[in-house]
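> Just work_5.pdb, nothing more (PDB, C-alpha atoms and all ligand atoms):
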ATOM      1  CA  MET X 268      72.263 216.711 169.296
ATOM      2  CA  GLU X 269      71.341 213.116 170.174
ATOM      3  CA  LYS X 270      73.473 211.615 172.925
ATOM      4  CA  HIS X 271      74.757 208.045 172.431
ATOM      5  CA  ASN X 272      75.219 206.261 175.754
ATOM      6  CA  PHE X 273      76.514 202.725 176.215
ATOM      7  CA  VAL X 274      74.749 201.686 179.383
ATOM      8  CA  ASP X 275      72.579 198.637 178.747
ATOM      9  CA  ILE X 276      73.294 195.924 176.154
ATOM     10  CA  LYS X 277      69.570 195.140 175.963
ATOM     11  CA  SER X 278      68.937 198.455 174.206
ATOM     12  CA  PHE X 279      71.028 197.361 171.184
ATOM     13  CA  ASP X 280      69.326 195.416 168.411
ATOM     14  CA  LYS X 281      71.000 192.726 166.311
ATOM     15  CA  GLN X 282      72.082 195.080 163.524
ATOM     16  CA  GLN X 283      73.603 197.517 166.004
ATOM     17  CA  LEU X 284      75.566 194.764 167.758
ATOM     18  CA  LEU X 285      76.881 193.396 164.453
ATOM     19  CA  TYR X 286      77.823 196.928 163.411
ATOM     20  CA  LEU X 287      79.795 197.460 166.637
ATOM     21  CA  ILE X 288      81.552 194.128 166.079
ATOM     22  CA  GLU X 289      82.456 195.229 162.560
ATOM     23  CA  MET X 290      83.879 198.457 163.987
ATOM     24  CA  ALA X 291      85.919 196.483 166.536
ATOM     25  CA  ARG X 292      87.284 194.389 163.671
ATOM     26  CA  GLU X 293      88.356 197.552 161.888
ATOM     27  CA  PHE X 294      90.092 198.778 165.055
ATOM     28  CA  GLU X 295      91.879 195.454 165.401
ATOM     29  CA  ARG X 296      93.284 196.028 161.886
ATOM     30  CA  PHE X 297      94.566 199.482 162.859
ATOM     31  CA  PRO X 298      94.320 200.273 166.592
ATOM     32  CA  ASN X 299      96.451 203.434 166.374
ATOM     33  CA  ARG X 300      94.628 206.400 164.874
ATOM     34  CA  GLU X 301      93.903 210.060 165.584
ATOM     35  CA  LEU X 302      90.132 209.662 165.537
ATOM     36  CA  LEU X 303      89.706 211.152 169.042
ATOM     37  CA  LYS X 304      92.401 213.814 168.829
ATOM     38  CA  GLY X 305      91.409 216.815 170.967
ATOM     39  CA  ARG X 306      88.847 214.785 172.970
ATOM     40  CA  VAL X 307      88.921 214.160 176.728
ATOM     41  CA  ILE X 308      87.686 210.870 178.219
ATOM     42  CA  ALA X 309      86.908 210.601 181.949
ATOM     43  CA  THR X 310      87.188 207.248 183.729
ATOM     44  CA  LEU X 311      85.437 207.230 187.109
ATOM     45  CA  PHE X 312      86.024 203.943 188.910
ATOM     46  CA  TYR X 313      84.199 203.617 192.219
ATOM     47  CA  GLU X 314      85.181 199.907 192.241
ATOM     48  CA  PRO X 315      88.513 198.192 191.487
ATOM     49  CA  SER X 316      89.441 197.202 187.940
ATOM     50  CA  THR X 317      92.449 196.176 185.899
ATOM     51  CA  ARG X 318      91.244 195.186 182.424
ATOM     52  CA  THR X 319      88.222 197.415 181.986
ATOM     53  CA  ARG X 320      89.840 200.651 183.078
ATOM     54  CA  LEU X 321      93.198 200.046 181.442
ATOM     55  CA  SER X 322      91.700 198.866 178.152
ATOM     56  CA  PHE X 323      89.342 201.868 178.036
ATOM     57  CA  GLU X 324      92.280 204.148 178.747
ATOM     58  CA  THR X 325      94.456 202.367 176.186
ATOM     59  CA  ALA X 326      91.621 202.632 173.660
ATOM     60  CA  ALA X 327      91.437 206.380 174.272
ATOM     61  CA  ASN X 328      95.222 206.820 174.156
ATOM     62  CA  ARG X 329      95.590 204.834 170.942
ATOM     63  CA  LEU X 330      92.924 207.025 169.319
ATOM     64  CA  GLY X 331      94.624 210.266 170.372
ATOM     65  CA  ALA X 332      92.341 211.319 173.274
ATOM     66  CA  ARG X 333      93.445 212.443 176.733
ATOM     67  CA  ILE X 334      92.310 210.827 179.983
ATOM     68  CA  ILE X 335      91.146 212.259 183.306
ATOM     69  CA  GLY X 336      89.491 210.497 186.248
ATOM     70  CA  PHE X 337      89.953 208.572 189.448
ATOM     71  CA  THR X 338      90.607 204.941 190.294
ATOM     72  CA  ASP X 339      89.330 205.213 193.842
ATOM     73  CA  ALA X 340      86.404 207.422 194.880
ATOM     74  CA  LYS X 341      88.151 208.013 198.243
ATOM     75  CA  VAL X 342      90.581 210.390 196.541
ATOM     76  CA  SER X 343      87.727 212.399 194.997
ATOM     77  CA  SER X 344      85.175 214.720 196.628
ATOM     78  CA  VAL X 345      82.845 211.715 196.893
ATOM     79  CA  SER X 346      84.681 211.195 200.211
ATOM     80  CA  LYS X 347      83.379 214.611 201.346
ATOM     81  CA  GLY X 348      79.817 213.598 200.573
ATOM     82  CA  GLU X 349      79.422 214.802 197.005
ATOM     83  CA  THR X 350      76.509 213.066 195.314
ATOM     84  CA  LEU X 351      76.745 210.983 192.159
ATOM     85  CA  LYS X 352      74.641 213.581 190.348
ATOM     86  CA  ASP X 353      76.968 216.448 191.234
ATOM     87  CA  THR X 354      80.074 214.424 190.406
ATOM     88  CA  ILE X 355      78.672 213.523 186.997
ATOM     89  CA  LEU X 356      77.625 217.115 186.276
ATOM     90  CA  MET X 357      81.081 218.388 187.249
ATOM     91  CA  VAL X 358      82.973 215.848 185.155
ATOM     92  CA  SER X 359      80.620 216.580 182.231
ATOM     93  CA  ASN X 360      82.100 220.106 182.311
ATOM     94  CA  TYR X 361      85.504 218.664 181.516
ATOM     95  CA  ALA X 362      85.080 215.504 179.435
ATOM     96  CA  ASP X 363      83.443 214.430 176.157
ATOM     97  CA  ILE X 364      82.619 210.904 177.422
ATOM     98  CA  ILE X 365      82.366 209.513 180.975
ATOM     99  CA  VAL X 366      83.239 205.857 181.567
ATOM    100  CA  MET X 367      82.085 204.778 185.025
ATOM    101  CA  ARG X 368      82.084 201.681 187.216
ATOM    102  CA  HIS X 369      79.902 201.832 190.309
ATOM    103  CA  HIS X 370      78.810 199.371 192.985
ATOM    104  CA  ILE X 371      75.138 200.427 192.819
ATOM    105  CA  GLU X 372      72.931 198.698 190.252
ATOM    106  CA  GLY X 373      71.467 201.305 187.917
ATOM    107  CA  ALA X 374      74.084 203.966 188.758
ATOM    108  CA  ALA X 375      75.185 204.303 185.123
ATOM    109  CA  GLN X 376      71.575 204.586 183.951
ATOM    110  CA  TYR X 377      71.001 207.347 186.502
ATOM    111  CA  ALA X 378      74.190 209.114 185.373
ATOM    112  CA  ALA X 379      73.041 208.863 181.749
ATOM    113  CA  GLU X 380      69.792 210.585 182.704
ATOM    114  CA  VAL X 381      71.550 213.578 184.289
ATOM    115  CA  ALA X 382      74.698 213.926 182.162
ATOM    116  CA  PRO X 383      74.873 216.110 179.058
ATOM    117  CA  VAL X 384      77.701 213.892 177.705
ATOM    118  CA  PRO X 385      77.590 210.169 176.801
ATOM    119  CA  ILE X 386      77.920 207.681 179.667
ATOM    120  CA  VAL X 387      79.586 204.287 179.317
ATOM    121  CA  ASN X 388      78.677 201.674 181.913
ATOM    122  CA  ALA X 389      81.873 199.871 182.951
ATOM    123  CA  GLY X 390      79.906 197.677 185.386
ATOM    124  CA  ASP X 391      77.126 198.493 187.858
ATOM    125  CA  GLY X 392      76.994 196.225 190.881
ATOM    126  CA  ALA X 393      75.837 192.686 190.050
ATOM    127  CA  HIS X 394      73.636 194.064 187.287
ATOM    128  CA  GLN X 395      75.302 194.564 183.859
ATOM    129  CA  HIS X 396      78.726 194.855 182.229
ATOM    130  CA  PRO X 397      77.883 195.862 178.644
ATOM    131  CA  SER X 398      81.395 196.718 177.432
ATOM    132  CA  GLN X 399      82.576 193.285 178.615
ATOM    133  CA  CYS X 400      79.610 191.882 176.730
ATOM    134  CA  LEU X 401      80.681 193.529 173.485
ATOM    135  CA  LEU X 402      84.190 192.135 173.805
ATOM    136  CA  ASP X 403      82.703 188.727 174.628
ATOM    137  CA  LEU X 404      80.525 188.864 171.510
ATOM    138  CA  TYR X 405      83.547 189.932 169.487
ATOM    139  CA  SER X 406      85.599 187.061 170.926
ATOM    140  CA  ILE X 407      82.848 184.565 170.153
ATOM    141  CA  ALA X 408      82.429 185.887 166.617
ATOM    142  CA  GLN X 409      86.188 185.804 165.988
ATOM    143  CA  THR X 410      86.626 182.257 167.252
ATOM    144  CA  GLN X 411      83.430 180.657 165.944
ATOM    145  CA  GLY X 412      83.025 182.612 162.717
ATOM    146  CA  THR X 413      79.409 183.302 163.734
ATOM    147  CA  LEU X 414      77.249 184.196 166.714
ATOM    148  CA  GLU X 415      74.359 182.016 165.521
ATOM    149  CA  ASN X 416      73.136 178.678 166.946
ATOM    150  CA  LEU X 417      75.897 178.178 169.512
ATOM    151  CA  ASP X 418      75.949 175.998 172.636
ATOM    152  CA  ILE X 419      77.224 178.103 175.517
ATOM    153  CA  CYS X 420      78.045 176.849 179.016
ATOM    154  CA  LEU X 421      78.026 179.545 181.706
ATOM    155  CA  VAL X 422      79.871 178.255 184.756
ATOM    156  CA  GLY X 423      80.270 179.481 188.325
ATOM    157  CA  ASP X 424      78.743 182.540 189.924
ATOM    158  CA  LEU X 425      75.672 183.171 187.800
ATOM    159  CA  LYS X 426      73.951 185.073 190.591
ATOM    160  CA  TYR X 427      76.382 187.956 191.062
ATOM    161  CA  GLY X 428      78.376 187.669 187.815
ATOM    162  CA  ARG X 429      77.185 190.664 185.826
ATOM    163  CA  THR X 430      79.022 189.572 182.663
ATOM    164  CA  VAL X 431      76.828 186.502 182.224
ATOM    165  CA  HIS X 432      73.694 188.600 182.693
ATOM    166  CA  SER X 433      74.737 190.916 179.872
ATOM    167  CA  LEU X 434      75.852 188.057 177.636
ATOM    168  CA  LEU X 435      72.600 186.153 177.741
ATOM    169  CA  MET X 436      70.641 189.326 176.977
ATOM    170  CA  ALA X 437      72.779 190.113 173.941
ATOM    171  CA  MET X 438      72.670 186.526 172.684
ATOM    172  CA  ARG X 439      68.870 186.595 172.417
ATOM    173  CA  HIS X 440      69.316 187.690 168.800
ATOM    174  CA  PHE X 441      71.388 184.641 167.846
ATOM    175  CA  ASN X 442      69.414 181.516 168.778
ATOM    176  CA  PRO X 443      71.776 180.143 171.453
ATOM    177  CA  THR X 444      71.358 177.173 173.775
ATOM    178  CA  PHE X 445      72.634 177.908 177.274
ATOM    179  CA  HIS X 446      73.736 175.532 180.003
ATOM    180  CA  PHE X 447      73.724 177.278 183.386
ATOM    181  CA  ILE X 448      76.173 175.435 185.666
ATOM    182  CA  ALA X 449      76.126 176.772 189.217
ATOM    183  CA  PRO X 450      75.618 175.652 192.804
ATOM    184  CA  LYS X 451      72.114 176.424 194.007
ATOM    185  CA  GLU X 452      73.410 179.368 196.100
ATOM    186  CA  LEU X 453      74.780 181.020 192.933
ATOM    187  CA  ALA X 454      72.128 179.989 190.418
ATOM    188  CA  MET X 455      71.034 182.252 187.584
ATOM    189  CA  PRO X 456      68.512 184.709 189.086
ATOM    190  CA  GLU X 457      64.858 184.171 188.254
ATOM    191  CA  GLU X 458      64.558 187.459 186.324
ATOM    192  CA  TYR X 459      67.137 186.275 183.768
ATOM    193  CA  LYS X 460      65.474 182.891 183.390
ATOM    194  CA  ILE X 461      62.191 184.699 182.768
ATOM    195  CA  PHE X 462      64.021 186.844 180.216
ATOM    196  CA  CYS X 463      65.194 183.657 178.473
ATOM    197  CA  SER X 464      61.679 182.226 178.414
ATOM    198  CA  GLN X 465      60.209 185.462 177.081
ATOM    199  CA  ASN X 466      62.827 185.639 174.341
ATOM    200  CA  GLY X 467      62.763 182.007 173.244
ATOM    201  CA  ILE X 468      66.242 181.252 174.608
ATOM    202  CA  ARG X 469      66.736 177.570 175.426
ATOM    203  CA  PHE X 470      68.475 176.840 178.710
ATOM    204  CA  GLU X 471      69.169 173.942 181.050
ATOM    205  CA  GLU X 472      70.377 174.175 184.635
ATOM    206  CA  HIS X 473      73.035 171.898 186.144
ATOM    207  CA  HIS X 474      74.870 171.627 189.442
ATOM    208  CA  ASP X 475      77.615 169.243 188.262
ATOM    209  CA  PHE X 476      80.486 170.508 186.143
ATOM    210  CA  THR X 477      81.645 167.495 184.148
ATOM    211  CA  PRO X 478      83.648 166.631 180.995
ATOM    212  CA  GLU X 479      80.361 165.430 179.522
ATOM    213  CA  ILE X 480      78.797 168.909 179.791
ATOM    214  CA  ILE X 481      81.982 170.489 178.446
ATOM    215  CA  SER X 482      81.865 168.188 175.420
ATOM    216  CA  GLN X 483      78.543 169.793 174.384
ATOM    217  CA  ALA X 484      79.885 173.348 174.334
ATOM    218  CA  ASP X 485      81.088 175.709 171.615
ATOM    219  CA  ILE X 486      81.855 178.277 174.291
ATOM    220  CA  LEU X 487      82.793 177.454 177.878
ATOM    221  CA  TYR X 488      82.376 180.698 179.822
ATOM    222  CA  MET X 489      83.980 180.423 183.258
ATOM    223  CA  THR X 490      83.369 182.999 185.997
ATOM    224  CA  ARG X 491      84.867 183.921 189.352
ATOM    225  CA  VAL X 492      82.803 183.688 192.536
ATOM    226  CA  GLN X 493      82.268 187.389 193.311
ATOM    227  CA  ARG X 494      83.484 187.645 196.898
ATOM    228  CA  GLU X 495      82.802 191.399 197.027
ATOM    229  CA  ARG X 496      79.036 190.836 196.577
ATOM    230  CA  PHE X 497      78.611 188.504 199.593
ATOM    231  CA  SER X 498      77.246 190.068 202.773
ATOM    232  CA  ASP X 499      78.280 186.918 204.724
ATOM    233  CA  LEU X 500      81.868 185.805 203.994
ATOM    234  CA  MET X 501      81.153 182.392 205.534
ATOM    235  CA  GLU X 502      78.795 181.786 202.619
ATOM    236  CA  TYR X 503      81.563 182.796 200.220
ATOM    237  CA  GLU X 504      83.974 180.340 201.865
ATOM    238  CA  GLN X 505      81.508 177.503 201.252
ATOM    239  CA  VAL X 506      81.269 178.085 197.489
ATOM    240  CA  LYS X 507      84.519 179.811 196.533
ATOM    241  CA  ASN X 508      86.182 176.772 194.911
ATOM    242  CA  VAL X 509      83.046 175.054 193.749
ATOM    243  CA  TYR X 510      84.218 174.474 190.156
ATOM    244  CA  ILE X 511      87.798 174.261 188.947
ATOM    245  CA  LEU X 512      88.504 173.637 185.267
ATOM    246  CA  ARG X 513      91.472 171.325 184.754
ATOM    247  CA  ASN X 514      93.193 170.246 181.545
ATOM    248  CA  ASP X 515      92.072 166.634 181.866
ATOM    249  CA  MET X 516      88.429 167.740 181.672
ATOM    250  CA  LEU X 517      88.939 169.007 178.106
ATOM    251  CA  THR X 518      89.789 165.731 176.383
ATOM    252  CA  ASP X 519      86.398 165.372 174.653
ATOM    253  CA  ALA X 520      85.840 169.057 173.931
ATOM    254  CA  ARG X 521      84.677 170.042 170.455
ATOM    255  CA  GLU X 522      87.535 171.169 168.229
ATOM    256  CA  ASN X 523      86.082 174.683 167.891
ATOM    257  CA  MET X 524      85.378 175.075 171.615
ATOM    258  CA  LYS X 525      86.956 178.098 173.271
ATOM    259  CA  ILE X 526      87.246 178.870 176.961
ATOM    260  CA  LEU X 527      86.327 182.425 177.897
ATOM    261  CA  HIS X 528      86.603 184.122 181.279
ATOM    262  CA  PRO X 529      86.051 187.841 181.936
ATOM    263  CA  LEU X 530      88.924 187.665 184.455
ATOM    264  CA  PRO X 531      90.325 188.139 187.016
ATOM    265  CA  ARG X 532      90.447 184.442 187.864
ATOM    266  CA  VAL X 533      91.013 183.179 191.359
ATOM    267  CA  ASN X 534      91.042 179.364 191.348
ATOM    268  CA  GLU X 535      88.452 178.458 188.740
ATOM    269  CA  ILE X 536      90.858 177.721 185.863
ATOM    270  CA  ALA X 537      93.983 175.702 186.666
ATOM    271  CA  TYR X 538      97.133 177.270 185.241
ATOM    272  CA  ASP X 539      97.933 174.261 183.045
ATOM    273  CA  VAL X 540      94.814 175.080 180.978
ATOM    274  CA  ASP X 541      96.534 178.274 179.782
ATOM    275  CA  GLU X 542      98.638 176.244 177.335
ATOM    276  CA  ASN X 543      95.641 174.335 175.985
ATOM    277  CA  PRO X 544      94.554 175.436 172.458
ATOM    278  CA  HIS X 545      91.002 175.816 173.779
ATOM    279  CA  ALA X 546      92.090 178.616 176.140
ATOM    280  CA  TYR X 547      91.173 182.040 174.775
ATOM    281  CA  TYR X 548      90.793 184.265 177.848
ATOM    282  CA  ILE X 549      94.053 186.197 177.453
ATOM    283  CA  GLN X 550      93.252 187.127 173.841
ATOM    284  CA  GLN X 551      89.676 187.822 174.976
ATOM    285  CA  ALA X 552      90.978 190.509 177.337
ATOM    286  CA  LYS X 553      93.062 191.949 174.491
ATOM    287  CA  ASN X 554      89.912 192.153 172.361
ATOM    288  CA  GLY X 555      88.604 194.548 175.015
ATOM    289  CA  LEU X 556      90.793 197.226 173.493
ATOM    290  CA  PHE X 557      89.144 196.969 170.062
ATOM    291  CA  ALA X 558      85.623 196.626 171.456
ATOM    292  CA  ARG X 559      86.124 199.719 173.632
ATOM    293  CA  GLN X 560      87.476 201.715 170.716
ATOM    294  CA  ALA X 561      84.230 200.830 168.923
ATOM    295  CA  ILE X 562      82.255 201.997 171.972
ATOM    296  CA  PHE X 563      83.963 205.391 171.879
ATOM    297  CA  ALA X 564      83.145 205.695 168.177
ATOM    298  CA  HIS X 565      79.521 204.819 168.943
ATOM    299  CA  CYS X 566      79.325 207.424 171.737
ATOM    300  CA  LEU X 567      80.636 210.176 169.462
ATOM    301  CA  GLY X 568      78.457 209.197 166.491
ATOM    302  CA  ILE X 569      81.465 208.195 164.374
ATOM    303  CA  THR X 570      80.452 205.727 161.653
ATOM    304  CA  LEU X 571      82.244 202.661 160.302
ATOM    305  CA  ASP X 572      82.640 204.469 156.966
ATOM    306  CA  GLU X 573      84.305 207.355 158.745
ATOM    307  CA  ILE X 574      86.630 204.987 160.604
ATOM    308  CA  GLN X 575      87.538 203.192 157.378
ATOM    309  CA  ALA X 576      88.088 206.502 155.609
ATOM    310  CA  ASP X 577      90.234 207.868 158.436
ATOM    311  CA  ILE X 578      93.514 208.779 156.805
ATOM    312  CA  THR X 579      95.376 209.507 160.025
ATOM    313  CA  ILE X 580      96.174 205.875 160.793
ATOM    314  CA  LEU X 581      99.404 205.855 162.804
TER     315      LEU X 581
HETATM  316  N1  LIG X 601      86.556 191.742 183.321
HETATM  317  C1  LIG X 601      86.695 192.796 184.145
HETATM  318  O1  LIG X 601      85.756 193.583 184.346
HETATM  319  O2  LIG X 601      87.929 192.907 184.712
HETATM  320  P1  LIG X 601      88.367 194.083 185.688
HETATM  321  O3  LIG X 601      87.519 193.977 186.930
HETATM  322  O4  LIG X 601      89.821 193.865 185.939
HETATM  323  O5  LIG X 601      88.082 195.378 184.994
END
Represent the structure contained in this file as structure tokens.
Ligand code: CP

Amino acid sequence: MEKHNFVDIKSFDKQQLLYLIEMAREFERFPNRELLKGRVIATLFYEPSTRTRLSFETAANRLGARIIGFTDAKVSSVSKGETLKDTILMVSNYADIIVMRHHIEGAAQYAAEVAPVPIVNAGDGAHQHPSQCLLDLYSIAQTQGTLENLDICLVGDLKYGRTVHSLLMAMRHFNPTFHFIAPKELAMPEEYKIFCSQNGIRFEEHHDFTPEIISQADILYMTRVQRERFSDLMEYEQVKNVYILRNDMLTDARENMKILHPLPRVNEIAYDVDENPHAYYIQQAKNGLFARQAIFAHCLGITLDEIQADITIL
């Protein structure tokens, strides 16, 4: 039987992404079902997480599955030297799907190549975060009514921020215009700019984060400076508070503009912005539940028709 992984957002075409969004919408209507009753989901987190792990686990729980896994590799046999391959093969003996976050770029792809069960990439180093990407697409679609022809500002750590890498790859289907706003130390890596050029994605680069730039955006996507990716913490100290979004910078924002942030935030969005109608990042994190329920359905080959026909809605 064909195995459906969820490892790399680039491998999904436009129709597949829109289909997953439609599934997420259906799960938002009825998040509590028995669709995964009798299934076991493993969550292997080699790196810290709040939202991704808990929303995957909530997604599984609300669909009737059971959860196994670890939140810290130190409490697993990884600490005794077990390889990633052996860990994945062992957990494949027990679970129907493996959700994994790992610090090494490409770790989820490697796991997908050795595992007999579907692998979900919950973040691999500074590389990709495809499940975050799906919830970002869902959040954009819900707030803008479309994914097409949008102006999107990506702000902050564009070098190490894996969520922005996934987002720009997925948006190639929807004719976006990107503004990359980052200090030169954290600029969008060359490979992603080449990707934009090869895929006809318009982009401009900026170092200043101003109300004028914000006024051109439909989506203002803030990011945290990823301290854990710096080999020299002195370099982190120099850029850690480079951009801080304050309420008074939003005066000329477009009415439809929404502020997204994958979270956690450190200092990059002042707390008074939370009450601003443009703020959407708390609901965005909630949307992770519905997007991740759709990912489980995808991994198990469950169709939208089957979800809609599911009579065991709780
Ligand atoms: N957005 C995100 O990946 O958050 P966590 O690190 O808390 O999972």
> When distances are computed from only C-alpha atoms, which of X:Ile526, X:Met436, X:Leu453, X:Ile364 shows the smallest separation from Met489 (chain X)?
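Nearest to Met489 (chain X): X:Ile526.
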> Adding 8 Å on each side of the box along x, y and z that holds all listed atoms of ligand LIG 601 (chain X), could you give its centre and edge lengths in Å to one decimal, as AutoDock Vina command-line options?

--center_x 87.8 --center_y 193.6 --center_z 185.1 --size_x 20.1 --size_y 19.6 --size_z 19.6
> Tell me, as a VMD selection string, which residues lie within 10 Å of Thr354 (chain X), counting all atoms listed in the file; anything in the same chain fewer than 3 positions away does not count.
chain X and resid 311 343 to 345 349 to 351 357 to 359 378 382
> Using all atoms listed in the file, pick whichever of X:Met290, X:Leu321, X:Leu417, X:Ala437 has the shortest atom-to-atom distance to ligand LIG 601 (chain X).
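Using all atoms listed in the file, ligand LIG 601 (chain X) sits closest to X:Leu321.
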> Which residues fall under the PyMOL selection byres (((chain X and resi 536) around 7) and not hetatm) in this file, as a compact mmCIF listing (two decimals) with C-alpha atoms, in the coordinates of the input?

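Ended up saving to result_9.txt:
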# COMPACT_ATOMS: atom_id res chain seq x y z
CA ILE X 511 87.80 174.26 188.95
CA LEU X 512 88.50 173.64 185.27
CA ARG X 513 91.47 171.32 184.75
CA ASN X 534 91.04 179.36 191.35
CA GLU X 535 88.45 178.46 188.74
CA ALA X 537 93.98 175.70 186.67
CA TYR X 538 97.13 177.27 185.24
CA VAL X 540 94.81 175.08 180.98
> Taking only C-alpha atoms and all ligand atoms and a cut-off of 8 Å, can you tell me which residues surround ligand LIG 601 (chain X), written as a list in words?
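Written in the requested form, the residues are Pro315, Ser316, Thr317, Arg318, Thr319, Arg320, Leu321, Ala389, Gly390, His396, Gln399, Thr430, His528, Pro529, Leu530, Pro531 and Ala552 of chain X.
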> Which is closer to Asp577 (chain X) than all the others in X:Lys281, X:His370, X:Lys451, X:Arg300, using only C-alpha atoms?
X:Arg300
> Run through the PyMOL selection byres (((chain X and resi 487) around 9) and not hetatm) on the given coordinates and return the selected residues as a PDB file with C-alpha atoms, in the coordinates of the input.

ATOM      1  CA  ASP X 418      75.949 175.998 172.636  1.00  0.00           C
ATOM      2  CA  ILE X 419      77.224 178.103 175.517  1.00  0.00           C
ATOM      3  CA  CYS X 420      78.045 176.849 179.016  1.00  0.00           C
ATOM      4  CA  LEU X 421      78.026 179.545 181.706  1.00  0.00           C
ATOM      5  CA  VAL X 422      79.871 178.255 184.756  1.00  0.00           C
ATOM      6  CA  ILE X 481      81.982 170.489 178.446  1.00  0.00           C
ATOM      7  CA  ALA X 484      79.885 173.348 174.334  1.00  0.00           C
ATOM      8  CA  ASP X 485      81.088 175.709 171.615  1.00  0.00           C
ATOM      9  CA  ILE X 486      81.855 178.277 174.291  1.00  0.00           C
ATOM     10  CA  TYR X 488      82.376 180.698 179.822  1.00  0.00           C
ATOM     11  CA  MET X 489      83.980 180.423 183.258  1.00  0.00           C
ATOM     12  CA  MET X 524      85.378 175.075 171.615  1.00  0.00           C
ATOM     13  CA  LYS X 525      86.956 178.098 173.271  1.00  0.00           C
ATOM     14  CA  ILE X 526      87.246 178.870 176.961  1.00  0.00           C
ATOM     15  CA  LEU X 527      86.327 182.425 177.897  1.00  0.00           C
ATOM     16  CA  HIS X 528      86.603 184.122 181.279  1.00  0.00           C
TER      17      HIS X 528
END
> Provide the CA of Pro385 (chain X) to CA of Ala564 (chain X) distance in Å, to one decimal place.
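If I compute the distance from CA of Pro385 (chain X) to CA of Ala564 (chain X), I get 11.2 Å.
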> Check what the PyMOL selection byres (((chain X and resi 275) around 12) and not hetatm) selects in the file above and give those residues as a PyMOL selection string.
chain X and resi 271-274+276-280+372-377+379+386-391+394-401+429-430+432-434+436-437
> Please identify all polymer residues within 10 Å of Met516 (chain X), counting only C-alpha atoms, omitting same-chain residues fewer than 6 positions from it, and present them as an MDAnalysis selection string.
chainID X and resid 476:482 540
> Which is closest to Cys463 (chain X) among X:Ile335, X:Ile549, X:Leu435, X:Met367, if we use all atoms listed in the file?
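Going through X:Ile335, X:Ile549, X:Leu435, X:Met367 one by one, the smallest distance to Cys463 (chain X) is for X:Leu435.
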> Could you please determine the separation between CA of Asn466 (chain X) and CA of Leu404 (chain X) in Å, to one decimal place?
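Taking CA of Asn466 (chain X) and CA of Leu404 (chain X), their separation equals 18.2 Å.
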> Please output region 499-509 of chain X, rebuilt to include N, CA, C and O atoms, as a PDB file, in the frame of the given file.

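So result-v9.pdb came out as:
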ATOM      1  N   ASP X 499      77.774 187.854 203.715  1.00  0.00           N
ATOM      2  CA  ASP X 499      78.280 186.918 204.724  1.00  0.00           C
ATOM      3  C   ASP X 499      79.462 186.149 204.116  1.00  0.00           C
ATOM      4  O   ASP X 499      79.271 185.302 203.228  1.00  0.00           O
ATOM      5  N   LEU X 500      80.683 186.433 204.595  1.00  0.00           N
ATOM      6  CA  LEU X 500      81.868 185.805 203.994  1.00  0.00           C
ATOM      7  C   LEU X 500      81.950 184.304 204.263  1.00  0.00           C
ATOM      8  O   LEU X 500      82.632 183.578 203.544  1.00  0.00           O
ATOM      9  N   MET X 501      81.218 183.842 205.293  1.00  0.00           N
ATOM     10  CA  MET X 501      81.153 182.392 205.534  1.00  0.00           C
ATOM     11  C   MET X 501      80.488 181.695 204.342  1.00  0.00           C
ATOM     12  O   MET X 501      80.883 180.611 203.935  1.00  0.00           O
ATOM     13  N   GLU X 502      79.483 182.350 203.795  1.00  0.00           N
ATOM     14  CA  GLU X 502      78.795 181.786 202.619  1.00  0.00           C
ATOM     15  C   GLU X 502      79.743 181.740 201.430  1.00  0.00           C
ATOM     16  O   GLU X 502      79.754 180.781 200.657  1.00  0.00           O
ATOM     17  N   TYR X 503      80.574 182.785 201.298  1.00  0.00           N
ATOM     18  CA  TYR X 503      81.563 182.796 200.220  1.00  0.00           C
ATOM     19  C   TYR X 503      82.538 181.627 200.385  1.00  0.00           C
ATOM     20  O   TYR X 503      82.851 180.918 199.418  1.00  0.00           O
ATOM     21  N   GLU X 504      83.005 181.412 201.609  1.00  0.00           N
ATOM     22  CA  GLU X 504      83.974 180.340 201.865  1.00  0.00           C
ATOM     23  C   GLU X 504      83.420 178.975 201.434  1.00  0.00           C
ATOM     24  O   GLU X 504      84.147 178.119 200.968  1.00  0.00           O
ATOM     25  N   GLN X 505      82.113 178.807 201.580  1.00  0.00           N
ATOM     26  CA  GLN X 505      81.508 177.503 201.252  1.00  0.00           C
ATOM     27  C   GLN X 505      81.453 177.233 199.744  1.00  0.00           C
ATOM     28  O   GLN X 505      81.408 176.087 199.324  1.00  0.00           O
ATOM     29  N   VAL X 506      81.436 178.287 198.941  1.00  0.00           N
ATOM     30  CA  VAL X 506      81.269 178.085 197.489  1.00  0.00           C
ATOM     31  C   VAL X 506      82.466 178.545 196.659  1.00  0.00           C
ATOM     32  O   VAL X 506      82.470 178.371 195.439  1.00  0.00           O
ATOM     33  N   LYS X 507      83.486 179.087 197.301  1.00  0.00           N
ATOM     34  CA  LYS X 507      84.519 179.811 196.533  1.00  0.00           C
ATOM     35  C   LYS X 507      85.270 178.925 195.529  1.00  0.00           C
ATOM     36  O   LYS X 507      85.662 179.401 194.475  1.00  0.00           O
ATOM     37  N   ASN X 508      85.451 177.648 195.844  1.00  0.00           N
ATOM     38  CA  ASN X 508      86.182 176.772 194.911  1.00  0.00           C
ATOM     39  C   ASN X 508      85.275 175.698 194.329  1.00  0.00           C
ATOM     40  O   ASN X 508      85.718 174.583 194.068  1.00  0.00           O
ATOM     41  N   VAL X 509      84.037 176.076 194.096  1.00  0.00           N
ATOM     42  CA  VAL X 509      83.046 175.054 193.749  1.00  0.00           C
ATOM     43  C   VAL X 509      83.370 174.352 192.438  1.00  0.00           C
ATOM     44  O   VAL X 509      83.183 173.143 192.310  1.00  0.00           O
TER      45      VAL X 509
END
